[in-house]
file work_24.cif (mmCIF, C-alpha atoms)
data_entry
#
loop_
_atom_site.group_PDB
_atom_site.id
_atom_site.type_symbol
_atom_site.label_atom_id
_atom_site.label_comp_id
_atom_site.auth_asym_id
_atom_site.auth_seq_id
_atom_site.Cartn_x
_atom_site.Cartn_y
_atom_site.Cartn_z
ATOM 1 C CA MET I 256 -112.150 103.881 -77.243
ATOM 2 C CA LYS I 257 -115.664 102.473 -77.173
ATOM 3 C CA ARG I 258 -116.070 98.711 -77.316
ATOM 4 C CA SER I 259 -118.296 98.922 -80.402
ATOM 5 C CA THR I 260 -115.660 101.029 -82.205
ATOM 6 C CA LYS I 261 -113.015 98.399 -81.430
ATOM 7 C CA VAL I 262 -115.280 95.673 -82.825
ATOM 8 C CA ILE I 263 -115.888 97.659 -86.019
ATOM 9 C CA ILE I 264 -112.133 98.259 -86.431
ATOM 10 C CA GLY I 265 -111.483 94.532 -85.904
ATOM 11 C CA VAL I 266 -114.079 93.499 -88.483
ATOM 12 C CA VAL I 267 -112.725 96.059 -90.967
ATOM 13 C CA ILE I 268 -109.153 94.748 -90.470
ATOM 14 C CA ALA I 269 -110.386 91.190 -91.105
ATOM 15 C CA ALA I 270 -112.240 92.326 -94.242
ATOM 16 C CA VAL I 271 -109.142 94.161 -95.509
ATOM 17 C CA LEU I 272 -107.063 91.026 -94.933
ATOM 18 C CA VAL I 273 -109.598 88.960 -96.930
ATOM 19 C CA CYS I 274 -109.289 91.449 -99.829
ATOM 20 C CA ALA I 275 -105.468 91.459 -99.580
ATOM 21 C CA LEU I 276 -105.371 87.657 -99.698
ATOM 22 C CA ALA I 277 -107.804 87.568 -102.633
ATOM 23 C CA LEU I 278 -105.580 90.015 -104.537
ATOM 24 C CA THR I 279 -102.464 87.988 -103.675
ATOM 25 C CA TYR I 280 -104.172 84.912 -105.109
ATOM 26 C CA LYS I 281 -105.288 86.819 -108.217
ATOM 27 C CA PHE I 282 -101.795 88.097 -109.022
ATOM 28 C CA PHE I 283 -99.604 85.232 -107.809
ATOM 29 C CA GLY I 284 -101.958 82.243 -107.892
ATOM 30 C CA PRO I 285 -101.948 79.503 -110.505
ATOM 31 C CA SER I 286 -102.943 80.940 -113.882
ATOM 32 C CA ALA I 287 -103.884 79.062 -116.980
ATOM 33 C CA LYS I 288 -103.391 79.975 -120.614
ATOM 34 C CA ALA I 289 -106.344 79.494 -122.956
ATOM 35 C CA GLY I 290 -105.996 77.976 -126.409
ATOM 36 C CA SER I 291 -104.971 74.659 -127.891
ATOM 37 C CA LYS I 292 -102.255 72.965 -125.881
ATOM 38 C CA THR I 293 -100.569 69.604 -126.265
ATOM 39 C CA TYR I 294 -99.955 67.447 -123.236
ATOM 40 C CA THR I 295 -98.736 64.066 -122.116
ATOM 41 C CA LEU I 296 -100.292 62.330 -119.144
ATOM 42 C CA GLU I 297 -98.737 59.194 -117.689
ATOM 43 C CA VAL I 298 -100.229 56.931 -115.074
ATOM 44 C CA VAL I 299 -97.776 54.757 -113.135
ATOM 45 C CA ASP I 300 -99.821 52.258 -111.148
ATOM 46 C CA ASP I 301 -99.039 50.189 -108.036
ATOM 47 C CA ASN I 302 -97.184 47.581 -110.140
ATOM 48 C CA GLY I 303 -95.059 50.201 -111.864
ATOM 49 C CA LYS I 304 -97.000 49.765 -115.112
ATOM 50 C CA THR I 305 -97.081 52.969 -117.145
ATOM 51 C CA THR I 306 -99.991 54.020 -119.312
ATOM 52 C CA THR I 307 -99.418 57.082 -121.502
ATOM 53 C CA TYR I 308 -102.021 59.424 -122.912
ATOM 54 C CA GLU I 309 -101.217 62.174 -125.348
ATOM 55 C CA GLY I 310 -103.473 64.822 -126.733
ATOM 56 C CA SER I 311 -104.328 68.445 -127.152
ATOM 57 C CA THR I 312 -106.762 70.443 -125.119
ATOM 58 C CA ASP I 313 -108.194 73.845 -124.357
ATOM 59 C CA ALA I 314 -108.505 72.881 -120.702
ATOM 60 C CA ALA I 315 -107.292 75.419 -118.207
ATOM 61 C CA TYR I 316 -106.694 72.941 -115.398
ATOM 62 C CA LEU I 317 -105.505 69.354 -115.145
ATOM 63 C CA LYS I 318 -108.814 68.091 -113.790
ATOM 64 C CA GLU I 319 -110.518 69.210 -117.013
ATOM 65 C CA VAL I 320 -107.939 67.214 -119.009
ATOM 66 C CA MET I 321 -108.735 64.201 -116.823
ATOM 67 C CA ASP I 322 -112.456 64.714 -117.442
ATOM 68 C CA GLU I 323 -111.826 64.846 -121.197
ATOM 69 C CA LEU I 324 -109.723 61.672 -121.030
ATOM 70 C CA ALA I 325 -112.375 59.915 -118.946
ATOM 71 C CA GLU I 326 -114.903 60.735 -121.635
ATOM 72 C CA ASN I 327 -112.843 59.834 -124.694
ATOM 73 C CA GLU I 328 -110.136 57.380 -123.617
ATOM 74 C CA ASP I 329 -109.643 54.296 -121.488
ATOM 75 C CA PHE I 330 -109.042 56.443 -118.437
ATOM 76 C CA SER I 331 -111.010 56.788 -115.232
ATOM 77 C CA TYR I 332 -110.555 58.473 -111.881
ATOM 78 C CA GLU I 333 -112.343 59.096 -108.629
ATOM 79 C CA GLY I 334 -111.646 61.742 -106.044
ATOM 80 C CA THR I 335 -113.021 63.383 -102.959
ATOM 81 C CA ASP I 336 -113.250 67.070 -102.150
ATOM 82 C CA SER I 337 -110.954 68.088 -99.338
ATOM 83 C CA ASP I 338 -109.981 71.335 -97.630
ATOM 84 C CA TYR I 339 -107.323 71.825 -100.282
ATOM 85 C CA GLY I 340 -109.217 70.815 -103.423
ATOM 86 C CA ILE I 341 -109.871 67.452 -105.017
ATOM 87 C CA MET I 342 -107.934 64.513 -103.652
ATOM 88 C CA ILE I 343 -107.464 61.761 -106.220
ATOM 89 C CA ASN I 344 -108.180 58.351 -104.699
ATOM 90 C CA THR I 345 -108.548 56.047 -107.682
ATOM 91 C CA ILE I 346 -107.068 56.086 -111.183
ATOM 92 C CA ASN I 347 -107.881 53.441 -113.780
ATOM 93 C CA GLY I 348 -109.429 51.309 -111.036
ATOM 94 C CA VAL I 349 -106.353 51.409 -108.767
ATOM 95 C CA THR I 350 -107.187 52.893 -105.374
ATOM 96 C CA ALA I 351 -104.541 54.489 -103.182
ATOM 97 C CA ASP I 352 -105.839 54.348 -99.638
ATOM 98 C CA TYR I 353 -103.678 56.390 -97.263
ATOM 99 C CA ASN I 354 -105.451 54.962 -94.221
ATOM 100 C CA GLU I 355 -104.717 51.412 -95.232
ATOM 101 C CA ASN I 356 -101.128 51.436 -96.503
ATOM 102 C CA ASN I 357 -100.034 55.106 -96.583
ATOM 103 C CA ALA I 358 -100.485 55.089 -100.355
ATOM 104 C CA TYR I 359 -101.455 58.093 -102.424
ATOM 105 C CA TRP I 360 -101.509 59.291 -106.006
ATOM 106 C CA ALA I 361 -98.672 61.787 -106.433
ATOM 107 C CA ILE I 362 -98.843 64.373 -109.205
ATOM 108 C CA TYR I 363 -95.686 65.265 -111.116
ATOM 109 C CA VAL I 364 -95.567 68.176 -113.544
ATOM 110 C CA ASN I 365 -92.727 68.207 -116.068
ATOM 111 C CA GLY I 366 -90.773 65.849 -113.846
ATOM 112 C CA GLU I 367 -91.170 67.849 -110.664
ATOM 113 C CA TYR I 368 -93.415 67.128 -107.725
ATOM 114 C CA GLY I 369 -96.652 69.071 -108.271
ATOM 115 C CA GLN I 370 -97.408 72.083 -106.088
ATOM 116 C CA TYR I 371 -101.158 72.054 -106.753
ATOM 117 C CA GLY I 372 -104.099 69.706 -106.713
ATOM 118 C CA ALA I 373 -105.582 68.468 -110.004
ATOM 119 C CA ASP I 374 -108.277 71.148 -109.958
ATOM 120 C CA THR I 375 -105.822 74.028 -109.491
ATOM 121 C CA GLN I 376 -102.898 72.718 -111.553
ATOM 122 C CA PRO I 377 -102.746 74.906 -114.702
ATOM 123 C CA VAL I 378 -102.194 73.304 -118.102
ATOM 124 C CA SER I 379 -99.616 74.876 -120.421
ATOM 125 C CA ASP I 380 -98.609 73.840 -123.928
ATOM 126 C CA GLY I 381 -96.297 70.820 -123.879
ATOM 127 C CA ASP I 382 -96.853 69.953 -120.237
ATOM 128 C CA GLU I 383 -96.028 66.448 -119.084
ATOM 129 C CA PHE I 384 -98.145 65.207 -116.198
ATOM 130 C CA GLN I 385 -97.636 62.050 -114.241
ATOM 131 C CA PHE I 386 -99.840 60.330 -111.727
ATOM 132 C CA VAL I 387 -97.653 57.984 -109.719
ATOM 133 C CA TYR I 388 -98.895 55.527 -107.124
ATOM 134 C CA GLU I 389 -96.628 56.126 -104.142
ATOM 135 C CA SER I 390 -96.479 54.862 -100.602
ATOM 136 C CA ALA I 391 -95.163 56.832 -97.630
ATOM 137 C CA GLU I 392 -93.779 53.625 -96.131
ATOM 138 C CA MET Y 1136 -110.850 67.765 -73.918
ATOM 139 C CA VAL Y 1137 -109.088 65.655 -76.535
ATOM 140 C CA ALA Y 1138 -112.270 63.604 -76.950
ATOM 141 C CA LEU Y 1139 -114.257 66.787 -77.581
ATOM 142 C CA LEU Y 1140 -111.665 68.006 -80.084
ATOM 143 C CA GLU Y 1141 -111.769 64.691 -81.931
ATOM 144 C CA ALA Y 1142 -115.567 64.533 -81.875
ATOM 145 C CA GLY Y 1143 -115.802 68.086 -83.212
ATOM 146 C CA LYS Y 1144 -113.230 67.398 -85.898
ATOM 147 C CA TRP Y 1145 -114.920 64.197 -87.070
ATOM 148 C CA ALA Y 1146 -118.397 65.730 -86.970
ATOM 149 C CA LEU Y 1147 -117.426 68.563 -89.315
ATOM 150 C CA GLN Y 1148 -115.038 66.565 -91.497
ATOM 151 C CA PRO Y 1149 -117.521 66.343 -94.416
ATOM 152 C CA ILE Y 1150 -117.762 70.138 -94.654
ATOM 153 C CA PRO Y 1151 -114.488 71.465 -96.103
ATOM 154 C CA ASN Y 1152 -112.912 74.416 -94.275
ATOM 155 C CA VAL Y 1153 -115.397 74.414 -91.432
ATOM 156 C CA GLU Y 1154 -113.978 73.266 -88.104
ATOM 157 C CA VAL Y 1155 -114.422 73.754 -84.363
ATOM 158 C CA VAL Y 1156 -110.914 72.779 -83.286
ATOM 159 C CA THR Y 1157 -109.739 76.415 -83.333
ATOM 160 C CA LEU Y 1158 -112.722 77.525 -81.261
ATOM 161 C CA LEU Y 1159 -112.319 74.654 -78.780
ATOM 162 C CA PHE Y 1160 -108.651 75.513 -78.228
ATOM 163 C CA ILE Y 1161 -109.608 79.157 -77.681
ATOM 164 C CA VAL Y 1162 -112.350 78.257 -75.188
ATOM 165 C CA PHE Y 1163 -110.220 75.648 -73.386
ATOM 166 C CA THR Y 1164 -107.331 78.084 -73.001
ATOM 167 C CA ALA Y 1165 -109.612 80.923 -71.873
ATOM 168 C CA SER Y 1166 -111.218 78.577 -69.320
ATOM 169 C CA PHE Y 1167 -108.449 76.233 -68.196
ATOM 170 C CA GLY Y 1168 -105.294 78.199 -68.976
ATOM 171 C CA ILE Y 1169 -101.908 77.308 -70.401
ATOM 172 C CA ARG Y 1170 -102.319 73.599 -69.562
ATOM 173 C CA THR Y 1171 -104.295 73.364 -72.799
ATOM 174 C CA ILE Y 1172 -100.941 73.229 -74.585
ATOM 175 C CA PHE Y 1173 -100.546 69.626 -73.366
ATOM 176 C CA VAL Y 1174 -104.019 68.871 -74.728
ATOM 177 C CA SER Y 1175 -102.859 70.125 -78.136
ATOM 178 C CA PHE Y 1176 -99.900 67.715 -78.035
ATOM 179 C CA ALA Y 1177 -102.199 64.843 -77.058
ATOM 180 C CA PHE Y 1178 -104.546 65.820 -79.891
ATOM 181 C CA THR Y 1179 -101.651 65.861 -82.387
ATOM 182 C CA ALA Y 1180 -100.436 62.476 -81.077
ATOM 183 C CA LEU Y 1181 -103.907 60.968 -81.502
ATOM 184 C CA GLU Y 1182 -104.262 62.433 -84.998
ATOM 185 C CA THR Y 1183 -100.821 61.060 -85.905
ATOM 186 C CA PHE Y 1184 -101.824 57.642 -84.569
ATOM 187 C CA TRP Y 1185 -104.970 57.739 -86.695
ATOM 188 C CA TRP Y 1186 -103.729 59.313 -89.939
ATOM 189 C CA GLY Y 1187 -99.999 58.478 -89.881
ATOM 190 C CA ILE Y 1188 -96.915 60.651 -90.105
ATOM 191 C CA ASN Y 1189 -96.902 63.443 -92.665
ATOM 192 C CA THR Y 1190 -95.940 67.115 -93.049
ATOM 193 C CA TRP Y 1191 -99.066 68.304 -91.240
ATOM 194 C CA ASN Y 1192 -97.890 66.581 -88.014
ATOM 195 C CA ILE Y 1193 -95.072 69.124 -87.839
ATOM 196 C CA MET Y 1194 -97.539 71.933 -88.571
ATOM 197 C CA TYR Y 1195 -99.870 70.813 -85.775
ATOM 198 C CA LEU Y 1196 -96.944 70.788 -83.326
ATOM 199 C CA TYR Y 1197 -96.516 74.552 -83.577
ATOM 200 C CA ILE Y 1198 -99.823 75.897 -84.951
ATOM 201 C CA TRP Y 1199 -102.056 74.891 -82.034
ATOM 202 C CA PRO Y 1200 -99.526 75.826 -79.298
ATOM 203 C CA LEU Y 1201 -99.113 79.197 -81.038
ATOM 204 C CA LEU Y 1202 -102.885 79.772 -80.892
ATOM 205 C CA ILE Y 1203 -102.997 78.660 -77.260
ATOM 206 C CA LEU Y 1204 -100.168 81.029 -76.301
ATOM 207 C CA TYR Y 1205 -101.937 83.875 -78.104
ATOM 208 C CA VAL Y 1206 -105.196 83.213 -76.229
ATOM 209 C CA TYR Y 1207 -103.354 82.776 -72.939
ATOM 210 C CA PHE Y 1208 -101.644 86.162 -73.204
ATOM 211 C CA THR Y 1209 -104.802 87.948 -74.371
ATOM 212 C CA ARG Y 1210 -107.310 86.189 -72.100
ATOM 213 C CA ASN Y 1211 -107.893 89.269 -69.942
ATOM 214 C CA LYS Y 1212 -109.036 91.474 -72.808
ATOM 215 C CA GLY Y 1213 -110.550 88.652 -74.844
ATOM 216 C CA GLY Y 1214 -114.266 88.149 -75.352
ATOM 217 C CA LEU Y 1215 -116.778 87.064 -77.945
ATOM 218 C CA TRP Y 1216 -115.880 89.615 -80.634
ATOM 219 C CA PHE Y 1217 -112.162 89.661 -79.865
ATOM 220 C CA TYR Y 1218 -111.857 85.905 -80.322
ATOM 221 C CA SER Y 1219 -114.283 85.778 -83.253
ATOM 222 C CA ILE Y 1220 -112.095 88.258 -85.140
ATOM 223 C CA SER Y 1221 -108.917 86.536 -83.907
ATOM 224 C CA SER Y 1222 -110.120 83.113 -85.052
ATOM 225 C CA CYS Y 1223 -111.060 84.640 -88.410
ATOM 226 C CA ILE Y 1224 -107.520 86.040 -88.848
ATOM 227 C CA PHE Y 1225 -106.077 82.726 -87.639
ATOM 228 C CA GLY Y 1226 -108.094 80.919 -90.351
ATOM 229 C CA LEU Y 1227 -107.019 83.433 -92.992
ATOM 230 C CA PHE Y 1228 -103.348 82.797 -92.209
ATOM 231 C CA PHE Y 1229 -103.667 79.087 -91.422
ATOM 232 C CA GLY Y 1230 -102.168 78.202 -94.818
ATOM 233 C CA ALA Y 1231 -99.342 80.709 -94.344
ATOM 234 C CA LEU Y 1232 -98.498 79.143 -90.981
ATOM 235 C CA CYS Y 1233 -98.763 75.656 -92.462
ATOM 236 C CA SER Y 1234 -96.418 76.580 -95.310
ATOM 237 C CA ILE Y 1235 -93.427 77.144 -92.978
ATOM 238 C CA PRO Y 1236 -92.106 73.534 -93.213
ATOM 239 C CA TYR Y 1237 -91.991 73.929 -97.009
ATOM 240 C CA LEU Y 1238 -89.390 76.669 -96.559
ATOM 241 C CA PHE Y 1239 -87.037 73.950 -95.322
ATOM 242 C CA ILE Y 1240 -88.278 71.269 -97.735
ATOM 243 C CA GLY Y 1241 -88.153 73.209 -101.009
ATOM 244 C CA GLY Y 1242 -87.124 76.797 -100.283
ATOM 245 C CA PRO Y 1243 -89.006 80.128 -100.306
ATOM 246 C CA HIS Y 1244 -90.522 79.580 -103.778
ATOM 247 C CA MET Y 1245 -92.118 76.285 -102.792
ATOM 248 C CA MET Y 1246 -93.355 77.811 -99.534
ATOM 249 C CA PHE Y 1247 -94.870 80.790 -101.358
ATOM 250 C CA THR Y 1248 -96.572 78.825 -104.157
ATOM 251 C CA TRP Y 1249 -97.935 76.287 -101.666
ATOM 252 C CA TRP Y 1250 -99.387 79.080 -99.541
ATOM 253 C CA VAL Y 1251 -100.838 81.039 -102.484
ATOM 254 C CA ALA Y 1252 -102.481 77.926 -103.971
ATOM 255 C CA GLY Y 1253 -104.425 77.462 -100.746
ATOM 256 C CA ILE Y 1254 -105.585 81.073 -100.297
ATOM 257 C CA PRO Y 1255 -109.198 80.473 -101.485
ATOM 258 C CA TYR Y 1256 -109.507 77.753 -98.843
ATOM 259 C CA ASP Y 1257 -107.922 80.004 -96.205
ATOM 260 C CA ILE Y 1258 -110.501 82.705 -96.943
ATOM 261 C CA LEU Y 1259 -113.324 80.176 -96.464
ATOM 262 C CA HIS Y 1260 -111.599 78.928 -93.322
ATOM 263 C CA GLY Y 1261 -111.360 82.473 -91.906
ATOM 264 C CA ILE Y 1262 -114.989 83.309 -92.622
ATOM 265 C CA SER Y 1263 -116.270 80.007 -91.204
ATOM 266 C CA ASN Y 1264 -114.072 80.372 -88.085
ATOM 267 C CA PHE Y 1265 -115.602 83.808 -87.520
ATOM 268 C CA ALA Y 1266 -119.165 82.490 -87.833
ATOM 269 C CA VAL Y 1267 -118.539 79.376 -85.712
ATOM 270 C CA CYS Y 1268 -116.889 81.412 -82.942
ATOM 271 C CA LEU Y 1269 -119.617 84.042 -82.996
ATOM 272 C CA VAL Y 1270 -122.311 81.394 -82.516
ATOM 273 C CA LEU Y 1271 -120.623 78.893 -80.194
ATOM 274 C CA TYR Y 1272 -118.122 80.872 -78.109
ATOM 275 C CA LYS Y 1273 -120.530 81.955 -75.367
ATOM 276 C CA PRO Y 1274 -122.324 78.612 -74.867
ATOM 277 C CA LEU Y 1275 -118.986 76.774 -74.748
ATOM 278 C CA VAL Y 1276 -117.425 79.236 -72.292
ATOM 279 C CA TYR Y 1277 -120.556 78.887 -70.134
ATOM 280 C CA ALA Y 1278 -120.272 75.078 -70.228
ATOM 281 C CA CYS Y 1279 -116.554 75.181 -69.354
ATOM 282 C CA THR Y 1280 -117.194 77.597 -66.471
ATOM 283 C CA ARG Y 1281 -119.852 75.225 -65.103
ATOM 284 C CA ILE Y 1282 -117.436 72.282 -65.385
ATOM 285 C CA ARG Y 1283 -114.752 74.254 -63.541
ATOM 286 C CA LYS Y 1284 -117.183 75.105 -60.706
ATOM 287 C CA ILE Y 1285 -118.368 71.504 -60.422
ATOM 288 C CA ARG Y 1286 -114.754 70.276 -60.220
ATOM 289 C CA ARG Y 1287 -114.142 72.643 -57.286
#
call {"tool": "encode", "arguments": {"input": "work_24.cif", "output": "structure tokens"}}
result
Amino acid sequence: MKRSTKVIIGVVIAAVLVCALALTYKFFGPSAKAGSKTYTLEVVDDNGKTTTYEGSTDAAYLKEVMDELAENEDFSYEGTDSDYGIMINTINGVTADYNENNAYWAIYVNGEYGQYGADTQPVSDGDEFQFVYESAE
Amino acid sequence: MVALLEAGKWALQPIPNVEVVTLLFIVFTASFGIRTIFVSFAFTALETFWWGINTWNIMYLYIWPLLILYVYFTRNKGGLWFYSISSCIFGLFFGALCSIPYLFIGGPHMMFTWWVAGIPYDILHGISNFAVCLVLYKPLVYACTRIRKIRR
């Protein structure tokens, strides 16, 4: 087989794999339901103090809920874009610095450790979200 | 080699899903052989020292050696296009490889959802690996060959 044919086959295989992965994400990835949804969002800070926010939203993803709260409530957050989506560094002025003390903001969804970042975590009616300041130490 | 890996990693840190670590491991293995596996362990140790212990430390312990073994066993037929396509596929399945520890932490469901959630980033990773390898493979192999000759 010619070298150029092998290269073309290789590139085609890679392209097919990209399509297969995109389809896998489309069918099995996080999906959000549109419409009015109620939610509860709790922030547990470094002193264990809990602040609770309740509301309803049309947001598809948690980050949009956070943006709405930041606009309308006494809630603020800061994050940085990483390879796997937004990484929340600061909530309500409390910064979790992993480099300094192995601390991070953990996301819990309906009592279970979240599988997604804030920008890919879908919002469903009645969801209970928690941001908990945790330390790996 | 570890210094180059670290410098490359830090230099591209601000650009998500674009990295040269994969390419450097490919070039190092193609040029210096299986010894590169020890470099990968040193790299993981340095990263652990810098960032602390987490799940990704376990991932690094098998992901980079796996890549090195692949390059080592294919080095005779490997070349620019072969490794560009290989590094693309490696990037596409980087998340799948990284998800293996989650099989033991939370079972197959956790492993699957964790992998699927990261697919968009894996696609970017694969495409950027392909482009980076296509552009930098030859100059880096040339530089490594020169270093090898000088050392002799």
call {"tool": "residues_around", "arguments": {"input": "work_24.cif", "residues": "Leu1232 of chain Y", "least_positions_apart": "3", "cutoff": "9 Å", "atoms": "all atoms listed in the file", "output": "count of residues only"}}
result
8
call {"tool": "closest_atom_pairs", "arguments": {"input": "work_24.cif", "of": "chain I", "to": "chain Y", "cutoff": "12 Å", "atoms": "all atoms listed in the file", "output": "CSV"}}
result
residue,atom,partner,partner_atom,distance
I:Arg258,CA,Y:Trp1216,CA,9.7
I:Ser259,CA,Y:Trp1216,CA,9.6
I:Thr260,CA,Y:Trp1216,CA,11.5
I:Lys261,CA,Y:Phe1217,CA,8.9
I:Val262,CA,Y:Trp1216,CA,6.5
I:Ile263,CA,Y:Trp1216,CA,9.7
I:Ile264,CA,Y:Ile1220,CA,10.1
I:Gly265,CA,Y:Ile1220,CA,6.3
I:Val266,CA,Y:Ile1220,CA,6.5
I:Val267,CA,Y:Ile1220,CA,9.8
I:Ile268,CA,Y:Ile1220,CA,8.9
I:Ala269,CA,Y:Ile1224,CA,6.3
I:Ala270,CA,Y:Ile1224,CA,9.5
I:Val271,CA,Y:Ile1224,CA,10.6
I:Leu272,CA,Y:Leu1227,CA,7.8
I:Val273,CA,Y:Ile1258,CA,6.3
I:Cys274,CA,Y:Ile1258,CA,9.3
I:Ala275,CA,Y:Ile1254,CA,10.4
I:Leu276,CA,Y:Ile1254,CA,6.6
I:Ala277,CA,Y:Ile1254,CA,7.3
I:Leu278,CA,Y:Ile1254,CA,9.9
I:Thr279,CA,Y:Val1251,CA,7.2
I:Tyr280,CA,Y:Val1251,CA,5.7
I:Lys281,CA,Y:Val1251,CA,9.3
I:Phe282,CA,Y:Val1251,CA,9.7
I:Phe283,CA,Y:Val1251,CA,6.9
I:Gly284,CA,Y:Val1251,CA,5.7
I:Pro285,CA,Y:Ala1252,CA,6.7
I:Ser286,CA,Y:Ala1252,CA,10.4
I:Thr335,CA,Y:Pro1149,CA,10.1
I:Asp336,CA,Y:Pro1151,CA,7.6
I:Ser337,CA,Y:Pro1151,CA,5.9
I:Asp338,CA,Y:Pro1151,CA,4.8
I:Tyr339,CA,Y:Gly1253,CA,6.4
I:Gly340,CA,Y:Tyr1256,CA,8.3
I:Ile341,CA,Y:Pro1151,CA,10.8
I:Asp352,CA,Y:Trp1186,CA,11.1
I:Tyr353,CA,Y:Trp1186,CA,7.9
I:Asn354,CA,Y:Trp1186,CA,6.3
I:Glu355,CA,Y:Trp1186,CA,9.6
I:Asn356,CA,Y:Gly1187,CA,9.7
I:Asn357,CA,Y:Gly1187,CA,7.5
I:Ala358,CA,Y:Gly1187,CA,11.0
I:Glu367,CA,Y:Gly1241,CA,11.4
I:Tyr368,CA,Y:Gly1241,CA,10.5
I:Gly369,CA,Y:Trp1249,CA,9.9
I:Gln370,CA,Y:Trp1249,CA,6.1
I:Tyr371,CA,Y:Ala1252,CA,6.6
I:Gly372,CA,Y:Ala1252,CA,8.8
I:Ala373,CA,Y:Ala1252,CA,11.6
I:Asp374,CA,Y:Ala1252,CA,10.7
I:Thr375,CA,Y:Ala1252,CA,7.5
I:Gln376,CA,Y:Ala1252,CA,9.2
I:Pro377,CA,Y:Ala1252,CA,11.2
I:Ser390,CA,Y:Asn1189,CA,11.7
I:Ala391,CA,Y:Asn1189,CA,8.4
I:Glu392,CA,Y:Ile1188,CA,9.8
call {"tool": "resolve_selection", "arguments": {"input": "work_24.cif", "expression": "the PyMOL selection byres ((chain I and resi 346-349) around 8)", "output": "list in words"}}
result
Val298, Asp300, Asp301, Asp329, Phe330, Ser331, Tyr332, Glu333, Ile343, Asn344, Thr345, Thr350 and Ala351 of chain I
call {"tool": "resolve_selection", "arguments": {"input": "work_24.cif", "expression": "the PyMOL selection byres ((chain Y and resi 1207) around 8)", "output": "PDB file with C-alpha atoms, in the coordinates of the input"}}
result
ATOM      1  CA  THR Y1164    -107.331  78.084 -73.001  1.00  0.00           C
ATOM      2  CA  ALA Y1165    -109.612  80.923 -71.873  1.00  0.00           C
ATOM      3  CA  GLY Y1168    -105.294  78.199 -68.976  1.00  0.00           C
ATOM      4  CA  ILE Y1169    -101.908  77.308 -70.401  1.00  0.00           C
ATOM      5  CA  ILE Y1203    -102.997  78.660 -77.260  1.00  0.00           C
ATOM      6  CA  LEU Y1204    -100.168  81.029 -76.301  1.00  0.00           C
ATOM      7  CA  TYR Y1205    -101.937  83.875 -78.104  1.00  0.00           C
ATOM      8  CA  VAL Y1206    -105.196  83.213 -76.229  1.00  0.00           C
ATOM      9  CA  PHE Y1208    -101.644  86.162 -73.204  1.00  0.00           C
ATOM     10  CA  THR Y1209    -104.802  87.948 -74.371  1.00  0.00           C
ATOM     11  CA  ARG Y1210    -107.310  86.189 -72.100  1.00  0.00           C
TER      12      ARG Y1210
END
call {"tool": "atom_distance", "arguments": {"input": "work_24.cif", "atom1": "atom CA of Lys1212 of chain Y", "atom2": "atom CA of Ile1161 of chain Y"}}
result
13.3 Å
call {"tool": "resolve_selection", "arguments": {"input": "work_24.cif", "expression": "the PyMOL selection byres ((chain I and resi 364) around 8)", "output": "ChimeraX atom specification"}}
result
/I:362-363,365-369,382-385
